[in-house]
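Data from work-v6.csv: CSV, C-alpha atoms and all ligand atoms
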```csv
chain,number,residue,atom,x,y,z
A,1,MET,CA,-38.7,-7.4,30.5
A,2,SER,CA,-34.9,-7.7,30.4
A,3,ALA,CA,-32.4,-5.6,28.4
A,4,SER,CA,-29.4,-7.1,26.7
A,5,PRO,CA,-26.7,-5.7,24.5
A,6,MET,CA,-28.6,-7.0,21.5
A,7,ASP,CA,-31.8,-5.1,22.2
A,8,ALA,CA,-33.0,-2.6,19.7
A,9,ALA,CA,-32.4,1.1,19.9
A,10,GLY,CA,-34.2,2.6,22.9
A,11,ALA,CA,-33.5,-0.3,25.2
A,12,GLU,CA,-31.8,0.2,28.5
A,13,PRO,CA,-28.2,1.4,28.4
A,14,VAL,CA,-25.6,-1.4,28.0
A,15,ALA,CA,-23.0,-1.8,30.8
A,16,PHE,CA,-20.0,0.6,30.4
A,17,PRO,CA,-16.9,-1.3,29.3
A,18,GLN,CA,-14.6,-2.0,32.3
A,19,PRO,CA,-10.8,-1.4,32.2
A,20,GLU,CA,-8.7,-4.5,32.0
A,21,SER,CA,-7.0,-5.4,35.2
A,22,SER,CA,-3.2,-5.6,35.1
A,23,ASP,CA,-0.3,-4.9,37.5
A,24,ILE,CA,0.8,-1.9,35.5
A,25,GLY,CA,-2.6,-0.4,34.5
A,26,THR,CA,-4.7,-0.9,37.6
A,27,PRO,CA,-2.9,1.8,39.7
A,28,PHE,CA,-3.9,4.3,36.9
A,29,TRP,CA,-7.6,3.5,37.3
A,30,ALA,CA,-7.3,3.4,41.1
A,31,SER,CA,-5.8,6.9,41.2
A,32,LEU,CA,-8.6,8.2,39.1
A,33,LYS,CA,-11.1,7.0,41.7
A,34,GLN,CA,-9.3,9.2,44.1
A,35,GLY,CA,-9.6,12.2,41.8
A,36,LYS,CA,-6.0,12.0,40.4
A,37,LEU,CA,-4.7,11.5,36.9
A,38,SER,CA,-1.4,9.7,37.2
A,39,PHE,CA,1.3,8.9,34.7
A,40,GLN,CA,4.8,7.5,34.7
A,41,ARG,CA,8.1,9.3,34.3
A,42,CYS,CA,11.4,7.7,33.5
A,43,GLN,CA,14.1,8.1,36.1
A,44,SER,CA,16.8,7.7,33.4
A,45,CYS,CA,15.8,10.1,30.6
A,46,GLY,CA,12.9,12.1,32.1
A,47,LYS,CA,10.3,11.1,29.5
A,48,ALA,CA,6.7,10.9,30.8
A,49,TRP,CA,4.0,8.7,29.2
A,50,LEU,CA,0.6,7.2,29.1
A,51,PRO,CA,-0.8,4.6,28.9
A,52,ALA,CA,0.9,2.6,31.6
A,53,ARG,CA,3.8,0.3,30.5
A,54,HIS,CA,6.6,-1.5,32.2
A,55,GLN,CA,9.5,0.2,30.4
A,56,CYS,CA,10.2,3.8,29.2
A,57,PRO,CA,9.0,4.2,25.6
A,58,GLY,CA,12.0,6.5,25.0
A,59,CYS,CA,15.0,4.5,26.4
A,60,LEU,CA,13.5,1.2,27.6
A,61,SER,CA,14.6,1.8,31.2
A,62,PRO,CA,12.5,-0.1,33.8
A,63,ASN,CA,13.2,2.7,36.3
A,64,TRP,CA,10.3,5.0,36.5
A,65,GLN,CA,8.0,6.5,39.1
A,66,ARG,CA,4.3,7.6,39.1
A,67,GLU,CA,3.5,11.3,39.1
A,68,GLU,CA,0.2,13.1,39.4
A,69,SER,CA,-0.9,15.5,36.6
A,70,LYS,CA,-2.3,18.9,37.4
A,71,GLY,CA,-5.0,18.1,34.9
A,72,GLN,CA,-4.2,20.8,32.4
A,73,ALA,CA,-3.6,20.0,28.7
A,74,ARG,CA,-3.7,21.2,25.1
A,75,LEU,CA,-5.7,19.8,22.2
A,76,ILE,CA,-3.6,17.8,19.7
A,77,SER,CA,-6.2,16.2,17.5
A,78,TRP,CA,-9.8,15.1,17.5
A,79,VAL,CA,-12.5,13.2,15.6
A,80,VAL,CA,-16.2,13.2,16.0
A,81,TYR,CA,-17.8,9.7,16.2
A,82,HIS,CA,-21.1,9.3,14.4
A,83,VAL,CA,-21.1,5.5,14.7
A,84,ALA,CA,-21.0,3.7,18.0
A,85,TYR,CA,-18.4,1.0,18.0
A,86,HIS,CA,-19.6,-0.3,21.4
A,87,PRO,CA,-23.3,-0.5,22.2
A,88,ALA,CA,-22.7,1.4,25.5
A,89,PHE,CA,-22.0,4.5,23.5
A,90,ALA,CA,-24.9,4.3,21.1
A,91,ASN,CA,-27.0,6.9,22.9
A,92,ARG,CA,-24.1,9.4,23.1
A,93,LEU,CA,-23.7,10.0,19.4
A,94,PRO,CA,-22.2,12.1,18.2
A,95,TYR,CA,-19.3,12.3,20.6
A,96,THR,CA,-15.7,13.6,20.4
A,97,VAL,CA,-12.6,11.5,20.8
A,98,ALA,CA,-9.4,13.4,21.1
A,99,VAL,CA,-5.6,13.2,21.7
A,100,VAL,CA,-4.5,15.7,24.3
A,101,GLU,CA,-1.1,16.5,25.7
A,102,LEU,CA,-0.8,17.0,29.4
A,103,ASP,CA,1.3,19.9,30.5
A,104,GLU,CA,3.6,17.3,32.1
A,105,GLY,CA,4.3,15.8,28.6
A,106,PRO,CA,2.2,12.6,28.2
A,107,ARG,CA,-0.3,12.3,25.4
A,108,MET,CA,-3.5,10.4,25.9
A,109,ILE,CA,-6.7,9.5,24.1
A,110,THR,CA,-9.8,10.9,25.8
A,111,ASN,CA,-13.2,12.4,25.3
A,112,LEU,CA,-14.0,16.1,25.1
A,113,ILE,CA,-17.1,17.2,26.9
A,114,HIS,CA,-19.0,20.5,27.4
A,115,THR,CA,-18.0,21.6,23.9
A,116,GLU,CA,-19.1,21.6,20.3
A,117,ALA,CA,-16.8,20.0,17.8
A,118,HIS,CA,-17.1,22.9,15.3
A,119,SER,CA,-15.6,25.3,17.9
A,120,LEU,CA,-12.5,23.2,18.7
A,121,GLN,CA,-9.1,24.6,17.8
A,122,LEU,CA,-5.7,23.0,17.8
A,123,ASP,CA,-3.6,23.8,20.9
A,124,GLN,CA,-6.6,25.1,22.8
A,125,ARG,CA,-6.4,24.8,26.6
A,126,LEU,CA,-8.3,21.9,28.3
A,127,TRP,CA,-8.9,20.9,31.9
A,128,LEU,CA,-9.4,17.5,33.3
A,129,VAL,CA,-12.8,16.4,34.4
A,130,ILE,CA,-13.1,12.9,36.0
A,131,GLU,CA,-16.5,11.4,35.5
A,132,ASP,CA,-18.1,8.3,37.0
A,133,GLU,CA,-19.3,5.8,34.5
A,134,GLN,CA,-21.1,3.0,36.4
A,135,GLY,CA,-18.3,2.8,38.9
A,136,VAL,CA,-15.4,3.5,36.6
A,137,ALA,CA,-13.7,6.9,37.0
A,138,VAL,CA,-13.0,8.1,33.5
A,139,PRO,CA,-10.7,11.0,32.6
A,140,ARG,CA,-12.2,13.5,30.2
A,141,PHE,CA,-11.4,17.1,29.2
A,142,GLU,CA,-13.3,20.2,28.8
A,143,PRO,CA,-12.3,23.6,27.3
A,144,HIS,CA,-10.8,26.1,29.7
A,145,PRO,CA,-12.1,28.4,30.7
A,146,PRO,CA,-15.4,26.5,31.1
A,147,GLY,CA,-17.8,27.4,28.3
A,148,ALA,CA,-15.0,28.4,25.9
A,149,GLY,CA,-16.1,25.6,23.6
A,150,MET,CA,-19.7,26.5,23.5
A,151,THR,CA,-21.7,29.0,21.5
A,152,ALA,CA,-23.9,31.5,23.3
A,153,LYS,CA,-26.9,29.5,22.3
A,154,ALA,CA,-25.6,26.3,23.7
A,155,GLN,CA,-24.7,27.9,27.0
A,156,ALA,CA,-28.3,29.2,27.5
B,201,ZN,ZN,13.7,6.8,29.5
```
How would this structure read if it were set down as structure tokens?
Ligand SMILES: [Zn+2]
Amino acid sequence: MSASPMDAAGAEPVAFPQPESSDIGTPFWASLKQGKLSFQRCQSCGKAWLPARHQCPGCLSPNWQREESKGQARLISWVVYHVAYHPAFANRLPYTVAVVELDEGPRMITNLIHTEAHSLQLDQRLWLVIEDEQGVAVPRFEPHPPGAGMTAKAQA
């Protein structure tokens, strides 16, 4: 019996979506596999950004370099998904999608893990957790200190 993306609920998990390969984006994913979250910083104006792009979003300079984040961030915004918009995520519902701001400046869209949505607070501290998803190293964030986003019952 084979599973396909069209199988009914309860079937085998669907393949995790793969990042698109590009000259500018592939180094980001490659660095994650080495346990590092990288971003770009403009050498003209100092702006730092994600996701990867060829020119500075602030001044359009093509002069930038990659830097490594220390993996600490704060929570800017979040939403809880109760509908899976890709079949690979159907068995994870509900899950939290968030905008976080790295201490180095870039903002990124990510998932929050090891937390409960009702306990989240704007500006709360988050730490990077790189998880393996079928060979793709995915950057996610959890509350810091660990467990800060869980109730006592959930930690038990
Ligand atoms: Zn710039």
**OP:** Name the residues, by chain letter and number, that sit within 10 Å of ligand ZN 201 (chain B) using all atoms listed in the file, and give them as a list in words.
**Re:** Arg41, Cys42, Gln43, Ser44, Cys45, Gly46, Lys47, Ala48, Trp49, Gln55, Cys56, Pro57, Gly58, Cys59, Leu60, Ser61, Pro62, Asn63 and Trp64 of chain A
Subject >> Long-range neighbours of region 98-101 of chain A as JSON, numbers by chain, 9 Å cut-off, all atoms listed in the file, 4 positions minimum in chain >> reply: {"A": [72, 73, 74, 75, 76, 77, 78, 79, 80, 105, 106, 107, 108, 109, 110, 111, 112, 123, 126, 141]}
**OP:** Place a sphere of radius 9 Å on (-14.8, 11.2, 36.7) in the file coordinates and name every protein, DNA or RNA residue with an atom inside or on its surface, counting all atoms listed in the file; give the answer as a VMD selection string.
**Re:** chain A and resid 32 to 33 35 128 to 133 136 to 140
Original post:
By how many Å are CA of Tyr85 (chain A) and CA of Gln18 (chain A) apart?
Top reply: 15.1 Å
Original post:
Quick one, how far is CA of Tyr95 (chain A) from CA of Ser119 (chain A)?
Top reply: 13.8 Å
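Take CA of Leu102 (chain A) and CA of Ala84 (chain A): the distance between them is 26.7 Å.
Checking A:Gln134, A:Trp29, A:Asp103, A:Glu68 one by one against Ala88 (chain A), counting all atoms listed in the file, you find the shortest gap at A:Gln134.
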Original post:
Within 9 Å of (-19.0, -3.4, 24.4), only C-alpha atoms: residues as a list in words?
Top reply: Pro5, Val14, Ala15, Phe16, Pro17, Tyr85, His86, Pro87, Ala88 and Phe89 of chain A
**OP:** Compile the contact shell of Pro27 (chain A) as number ranges by chain: residues with an atom at most 12 Å away, counting all atoms listed in the file, same-chain residues fewer than 2 positions apart removed.
**Re:** A: 19-25, 29-34, 36-40, 51-53, 65-68
